[in-house]
Number of protein chains: 2
Amino acid sequence: MDDATAGPLGGLLDDPPRVITAGVELFETTLASQGVELVPVDWRPPVDGLAPELARIVADPRTEGANRAAVERITSAEPRWVGITTAREAVGIETGQFLHAGPPITWERASGPMRGALIGAMLYEGMADTPEEAEAIGAAGGLELTPCHDRGAVGPMAGVVSPSMPMFAIENAAFGNTAYATLNEGLGKVLRYGAYGPEVTERLRWMQDVLGPAMDAAVRRLGSLDVRAIIVQAMQMGDELHNRNRAASALFVREVVPPLLEAGIDPSDLADVVRFINGNEHFFLNLGMPAAKASLDPARDIPGSSVVVAMARNGTDFGIQVSGTGDRWFTAPAEVPDGLFLGDFGPDDANPDIGDSTITESAGMGGFAMAAAPAIVRFVGGEAADALTATRSMYSITVGEHSHFQVPILEFRGTPLGIDVTRVVRTGTVPAVNTGIAGKVAGTGQVGAGLVTPPMQVFAEAVRALAADARADA
Amino acid sequence: MDDATAGPLGGLLDDPPRVITAGVELFETTLASQGVELVPVDWRPPVDGLAPELARIVADPRTEGANRAAVERITSAEPRWVGITTAREAVGIETGQFLHAGPPITWERASGPMRGALIGAMLYEGMADTPEEAEAIGAAGGLELTPCHDRGAVGPMAGVVSPSMPMFAIENAAFGNTAYATLNEGLGKVLRYGAYGPEVTERLRWMQDVLGPAMDAAVRRLGSLDVRAIIVQAMQMGDELHNRNRAASALFVREVVPPLLEAGIDPSDLADVVRFINGNEHFFLNLGMPAAKASLDPARDIPGSSVVVAMARNGTDFGIQVSGTGDRWFTAPAEVPDGLFLGDFGPDDANPDIGDSTITESAGMGGFAMAAAPAIVRFVGGEAADALTATRSMYSITVGEHSHFQVPILEFRGTPLGIDVTRVVRTGTVPAVNTGIAGKVAGTGQVGAGLVTPPMQVFAEAVRALAADARADA
């Protein structure tokens, strides 16, 4: 205050008032009729009695700038597909070592689909000849399990990565960092949904022997492929890039076919490759997810930032990582998703929420971009209006908007970007997440798709951690 | 009236009234507050003083059933791509004979782009060595010009078809009829926008020698391709299938690549083919248009039907054909479209409306499906909300809704289908049409894209013709 003689409130009413209104609408209406400048906010009491913690974070002089920097870094990312590599090279794992989705987990606490995927991966790697042998190895503590996120990777559903699998390498050209994901296996009885057995193993071998080398040949001829450009286009073509990747997958195919044709690959193999990708409208998910991670990783470790840099589930726990709190995971029990079920499956068959694919929501895609993809309600349930509501409500918990990912029906407004744990706690609104649903029994595979509610507790714990570390000085 | 003793109004007020309200909203509000059942209608005085003619058509006992039958036939169509043929075989033209877009036209009355396309086609067919020679042939009456529609074909923009051109054959499997269109050349200096010269000729030759045979090989291996299924999907992926065919073209590519790979085509030619289609997001237009015509043709010649079965423009006149009035064209001067212009072009460079592509609107696509394609406003101008408004307003001039073409954002409501000339005249609302804009000088090519207003006069004339032929007896 520059007028030291005026007392603590001096000058407050010298200028026309600007009033922030919250709650009772009568105040707002009355003031507005008197020509007062209003800033209506959707205020509710913060959850869990965290008002003091929120106040400390708001008072931290670093917070606002740190959050702005985080969003600026995410939105200026330039994810490009630059290569195909093996998990052995890309994420440094050897036989007996596996990556998995979500925060850290042990065999003992692992859910059915997570164990099923690990069993399938052991069979694929030749560590066991039967599921029973594989299960015994797991139960005996014979596996070394590491979260994908700890090794610069992401994996949908169980997200199990074993050394021999080919992986997409996605480089963020604006920052120089790289993220990895395996290639998408398609739907039905697939490893990522916890299925295992000859059909799963055979497909993984074909992916290793034919699909991976074909993708490698394509990207070598392309040099690199602009993944962000495909996401931008696909979002104007009804994809939200988490559970709807139909346009993105079609756009991807048409980019890789000409270089594949020129690479001298056996035409019959090539026809198989194109049919495989055509038959899987989620193929692009495994490019979009590492693109999201490559975009978010430069926003990590900004002191004071309350922006979420990863949300991930392992089928038992839901976890988040926040920019200002380093690699620490805030976890709570994962909820069971609710949605549409395949065939005779129902809610009782559903495993709790699983997969790293919530990296899409963290990066302004998925549930945050559902307004761009109203047709997704035919896959996850609900009505088209719900898709609009999902996106609109996320602006209340994000720091900014994506400058490239635009939603035509919202007059090309950028998608909500930069989940702020303080806003989640203050508004009581958790991130909108749509997801595939895995069967809870190992070996079942996918049973449905729907929406899931992240546990408020993880955001509350992150707020406590940020508050404990907040600075009071300017 | 079954109570013959009650006089002409006897019994009218015995039951609770059902009131049709129009205009002044006060009536509606007051009656509604009294619990009266209301049927509000958006009534305006019919244009051109045509109330007596409208009354005669409404009184015609055939009208309602005929219109219902027309829409039923259109919506139950099953358009499939079944082959590639030459114009010579498909539409029966020989050297010196040309098809063109829109209602009948002569060289004398033809606009710049129509003459330009005819000049380009003469050069391509070897009828002339220079544009000047070609122009002299045209001016001397050396060409025989026939509307595409008269030969079961449709053509975008100038729509010029010459004997050597390959054509898509689209069969309506539900009715057995077939419609044809040439293959789309892409954007820029192309014949259909009235450009001619070596670049145009060379591309047309390549289409004849490489692209056409490749498409022929693909469709022979496929047997047939379900064009309706692609349209249905594309409409859930942000296409309206007139000026936005991005998703449909990508879906088409992914269907034809595997059979092309297996057909033993030279991989380098095949890469050229895929790149050519990939580089042209309007490629599918030339499948969607004949699919629309194949769907509409069975709705022709239903006595008493006031449903439009074709809207088409030749760059000079806008014409429509109506089910109940046979092959008669109702024409009026075409308007100049308004929209977004390419580069340095502006409204002064624009030719009046041209092309058979309004067959899409006639079949529940294009401007009638714009709500499915809000991103199109970046191509034709306006805001995303305008795209919603365009579709919504068309329900007031159509007989029904398409049972397959659904708009996700409108909760999967079917697109408005079956333009009823009586409703157009009664409401004063003309069909919403989006369109490419050709340069008015022969040889220029495309100058923009936008919206255009069909002339009310053609609908009014159709109403007069239907009224003159209406039956008074039941």
# chains A, B, ... in the order shown; residues from 1 in each chain; ligands from 1
>>> residues_around(residues="Gly92 of chain A", least_positions_apart="4", cutoff="9 Å", atoms="only C-alpha atoms", output="PyMOL selection string")
chain A and resi 87-88+151+163
>>> residues_around(residues="segment 205-221 of chain A", least_positions_apart="6", cutoff="10 Å", atoms="only C-alpha atoms", output="PyMOL selection string")
chain A and resi 81-86+124-125+164-168+182-185+255-266+269-270+272-274+276-277
>>> residues_around(residues="Arg378 of chain A", least_positions_apart="2", cutoff="12 Å", atoms="only C-alpha atoms", output="NGL selection string")
(:A and (243-244 or 339-341 or 373-376 or 380-384 or 386-387 or 448-450)) or (:B and (236 or 408-409 or 411-412))
>>> write_last_selection(atoms="C-alpha atoms", output="short mmCIF file (atom, residue, chain, number, x, y, z; two decimals), in the first residue's frame")
data_model
loop_
_atom_site.label_atom_id
_atom_site.label_comp_id
_atom_site.auth_asym_id
_atom_site.auth_seq_id
_atom_site.Cartn_x
_atom_site.Cartn_y
_atom_site.Cartn_z
CA ASN A 243 -11.48 -43.67 -25.67
CA ARG A 244 -12.22 -42.32 -29.10
CA GLY A 339 -20.61 -47.20 -17.96
CA LEU A 340 -21.65 -49.55 -20.72
CA PHE A 341 -20.76 -53.23 -20.52
CA ALA A 373 -16.44 -36.06 -29.27
CA PRO A 374 -20.17 -36.25 -28.50
CA ALA A 375 -20.41 -39.63 -30.29
CA ILE A 376 -18.28 -41.15 -27.51
CA VAL A 380 -19.03 -44.83 -22.45
CA GLY A 381 -22.71 -44.12 -21.79
CA GLY A 382 -24.71 -40.97 -21.16
CA GLU A 383 -26.05 -38.37 -23.59
CA ALA A 384 -24.30 -36.03 -25.98
CA ASP A 386 -23.01 -34.84 -20.96
CA ALA A 387 -19.96 -34.65 -23.22
CA GLY A 448 -16.85 -52.37 -20.91
CA ALA A 449 -16.11 -48.65 -21.04
CA GLY A 450 -17.39 -45.77 -18.98
CA GLN B 236 -19.96 -38.79 -36.44
CA PRO B 408 -24.28 -36.72 -32.27
CA ILE B 409 -24.49 -33.19 -30.87
CA GLU B 411 -28.50 -36.35 -29.41
CA PHE B 412 -28.14 -38.48 -32.54
#
>>> select_by_dssp(residues="segment 259-304 of chain B", states="helix (DSSP H, G or I)", output="PyMOL selection string")
chain B and resi 259-262+267-278+285-299
>>> closest_residue(among="A:Glu240, A:Glu144, A:Glu94, A:Glu132", to="chain B", atoms="only C-alpha atoms")
A:Glu240
>>> closest_residue(among="B:Arg413, B:Arg392, B:Arg115, B:Arg246", to="Asn314 of chain B", atoms="only C-alpha atoms")
B:Arg115
>>> residues_around(residues="Ala363 of chain A", least_positions_apart="6", cutoff="8 Å", atoms="only C-alpha atoms", output="list in words")
Ile74, Ala292, Lys293, Ser295, Leu296, Leu417 and Gly418 of chain A
>>> write_last_selection(atoms="C-alpha atoms", output="tab-separated table (two decimals), in the first residue's frame")
chain	number	residue	atom	x	y	z
A	74	ILE	CA	2.57	-28.14	-21.76
A	292	ALA	CA	0.75	-36.42	-23.66
A	293	LYS	CA	3.50	-37.62	-21.33
A	295	SER	CA	4.23	-32.79	-23.31
A	296	LEU	CA	3.67	-32.92	-19.55
A	417	LEU	CA	-5.49	-27.53	-19.49
A	418	GLY	CA	-3.41	-27.80	-16.33
>>> atom_distance(atom1="atom CA of Asp301 of chain B", atom2="atom CA of Leu466 of chain B")
12.2 Å
>>> residues_around(residues="Val154 of chain B", least_positions_apart="2", cutoff="10 Å", atoms="only C-alpha atoms", output="ChimeraX atom specification")
/B:99-102,147-152,156-157,159-161,179-182,286,289-294,312,355-359
>>> write_last_selection(atoms="N, CA and C atoms", output="JSON list (two decimals), in the first residue's frame")
[["chain", "number", "residue", "atom", "x", "y", "z"],
["B", 99, "LEU", "N", -21.20, -34.19, -70.67],
["B", 99, "LEU", "CA", -22.18, -33.91, -69.61],
["B", 99, "LEU", "C", -21.70, -32.68, -68.85],
["B", 100, "HIS", "N", -22.62, -32.03, -68.17],
["B", 100, "HIS", "CA", -22.28, -30.85, -67.37],
["B", 100, "HIS", "C", -23.20, -30.79, -66.16],
["B", 101, "ALA", "N", -22.81, -30.01, -65.17],
["B", 101, "ALA", "CA", -23.60, -29.85, -63.95],
["B", 101, "ALA", "C", -24.86, -29.02, -64.22],
["B", 102, "GLY", "N", -25.86, -29.23, -63.36],
["B", 102, "GLY", "CA", -27.01, -28.34, -63.34],
["B", 102, "GLY", "C", -28.04, -28.65, -64.40],
["B", 147, "PRO", "N", -27.22, -32.38, -69.40],
["B", 147, "PRO", "CA", -27.03, -32.39, -67.94],
["B", 147, "PRO", "C", -26.63, -33.78, -67.43],
["B", 148, "CYS", "N", -25.70, -33.83, -66.47],
["B", 148, "CYS", "CA", -25.33, -35.08, -65.83],
["B", 148, "CYS", "C", -26.58, -35.85, -65.38],
["B", 149, "HIS", "N", -27.49, -35.12, -64.75],
["B", 149, "HIS", "CA", -28.67, -35.77, -64.17],
["B", 149, "HIS", "C", -29.49, -36.52, -65.23],
["B", 150, "ASP", "N", -29.44, -36.05, -66.48],
["B", 150, "ASP", "CA", -30.20, -36.73, -67.53],
["B", 150, "ASP", "C", -29.60, -38.09, -67.87],
["B", 151, "ARG", "N", -28.34, -38.34, -67.42],
["B", 151, "ARG", "CA", -27.70, -39.60, -67.75],
["B", 151, "ARG", "C", -27.30, -40.39, -66.50],
["B", 152, "GLY", "N", -28.00, -40.15, -65.40],
["B", 152, "GLY", "CA", -27.73, -40.92, -64.18],
["B", 152, "GLY", "C", -26.42, -40.55, -63.52],
["B", 156, "PRO", "N", -19.41, -32.47, -59.44],
["B", 156, "PRO", "CA", -19.22, -31.26, -58.65],
["B", 156, "PRO", "C", -18.79, -30.08, -59.54],
["B", 157, "MET", "N", -19.11, -28.88, -59.10],
["B", 157, "MET", "CA", -18.77, -27.64, -59.81],
["B", 157, "MET", "C", -19.20, -27.72, -61.27],
["B", 159, "GLY", "N", -18.80, -29.89, -63.36],
["B", 159, "GLY", "CA", -19.38, -31.23, -63.56],
["B", 159, "GLY", "C", -19.20, -31.76, -64.97],
["B", 160, "VAL", "N", -18.19, -31.27, -65.68],
["B", 160, "VAL", "CA", -18.02, -31.70, -67.07],
["B", 160, "VAL", "C", -17.46, -33.13, -67.13],
["B", 161, "VAL", "N", -18.15, -33.94, -67.89],
["B", 161, "VAL", "CA", -17.76, -35.34, -68.08],
["B", 161, "VAL", "C", -17.50, -35.56, -69.56],
["B", 179, "ALA", "N", -25.82, -44.86, -60.02],
["B", 179, "ALA", "CA", -25.46, -43.48, -60.36],
["B", 179, "ALA", "C", -23.94, -43.39, -60.52],
["B", 180, "TYR", "N", -23.48, -42.38, -61.26],
["B", 180, "TYR", "CA", -22.08, -42.28, -61.63],
["B", 180, "TYR", "C", -21.50, -40.90, -61.33],
["B", 181, "ALA", "N", -20.21, -40.86, -61.05],
["B", 181, "ALA", "CA", -19.49, -39.59, -60.96],
["B", 181, "ALA", "C", -18.04, -39.84, -61.34],
["B", 182, "THR", "N", -17.41, -38.82, -61.89],
["B", 182, "THR", "CA", -15.96, -38.92, -62.18],
["B", 182, "THR", "C", -15.20, -38.95, -60.86],
["B", 286, "ASN", "N", -16.81, -37.30, -54.53],
["B", 286, "ASN", "CA", -17.24, -37.92, -55.78],
["B", 286, "ASN", "C", -17.75, -39.35, -55.59],
["B", 289, "MET", "N", -21.54, -37.93, -53.62],
["B", 289, "MET", "CA", -22.54, -37.35, -54.53],
["B", 289, "MET", "C", -23.31, -38.41, -55.32],
["B", 290, "PRO", "N", -22.64, -39.36, -55.99],
["B", 290, "PRO", "CA", -23.44, -40.39, -56.67],
["B", 290, "PRO", "C", -24.19, -41.28, -55.69],
["B", 291, "ALA", "N", -23.68, -41.43, -54.46],
["B", 291, "ALA", "CA", -24.44, -42.17, -53.45],
["B", 291, "ALA", "C", -25.74, -41.43, -53.15],
["B", 292, "ALA", "N", -25.66, -40.10, -53.06],
["B", 292, "ALA", "CA", -26.87, -39.31, -52.82],
["B", 292, "ALA", "C", -27.84, -39.42, -54.00],
["B", 293, "LYS", "N", -27.27, -39.34, -55.20],
["B", 293, "LYS", "CA", -28.17, -39.45, -56.38],
["B", 293, "LYS", "C", -28.78, -40.84, -56.47],
["B", 294, "ALA", "N", -27.99, -41.86, -56.22],
["B", 294, "ALA", "CA", -28.52, -43.23, -56.27],
["B", 294, "ALA", "C", -29.62, -43.42, -55.22],
["B", 312, "ALA", "N", -29.56, -28.52, -58.54],
["B", 312, "ALA", "CA", -28.31, -28.48, -59.29],
["B", 312, "ALA", "C", -28.15, -27.14, -59.97],
["B", 355, "GLY", "N", -22.65, -26.40, -59.88],
["B", 355, "GLY", "CA", -22.37, -27.78, -59.50],
["B", 355, "GLY", "C", -23.60, -28.59, -59.12],
["B", 356, "ASP", "N", -23.46, -29.91, -59.32],
["B", 356, "ASP", "CA", -24.51, -30.84, -58.91],
["B", 356, "ASP", "C", -24.41, -31.22, -57.44],
["B", 357, "SER", "N", -23.44, -30.64, -56.72],
["B", 357, "SER", "CA", -23.15, -31.12, -55.37],
["B", 357, "SER", "C", -24.28, -30.85, -54.37],
["B", 358, "THR", "N", -25.24, -30.02, -54.76],
["B", 358, "THR", "CA", -26.44, -29.83, -53.92],
["B", 358, "THR", "C", -27.28, -31.09, -53.85],
["B", 359, "ILE", "N", -26.86, -32.13, -54.58],
["B", 359, "ILE", "CA", -27.51, -33.43, -54.40],
["B", 359, "ILE", "C", -27.29, -33.92, -52.96]]
>>> atom_distance(atom1="atom CA of Arg68 of chain A", atom2="atom CA of Pro454 of chain A")
24.1 Å
>>> select_by_dssp(residues="segment 100-336 of chain A", states="strand (DSSP E or B)", output="ChimeraX atom specification")
/A:100,144-147,153,161,166-172,178-182,225-226,307-314,317-322,330-333
>>> residues_around(residues="segment 329-335 of chain B", least_positions_apart="6", cutoff="6 Å", atoms="only C-alpha atoms", output="PyMOL selection string")
chain B and resi 316-321+352-353+458
>>> closest_residue(among="B:Ser268, B:Ser162, B:Thr146, B:Thr75", to="chain A", atoms="only C-alpha atoms")
B:Ser268
>>> atom_distance(atom1="atom CA of Gly188 of chain A", atom2="atom CA of Ala128 of chain A")
23.2 Å
>>> residues_around(residues="Ala140 of chain A", least_positions_apart="5", cutoff="12 Å", atoms="only C-alpha atoms", output="number ranges by chain")
A: 106-108, 133-135
>>> closest_residue(among="A:Met311, A:Lys440, A:Gly326, A:Leu187", to="Phe283 of chain A", atoms="only C-alpha atoms")
A:Leu187
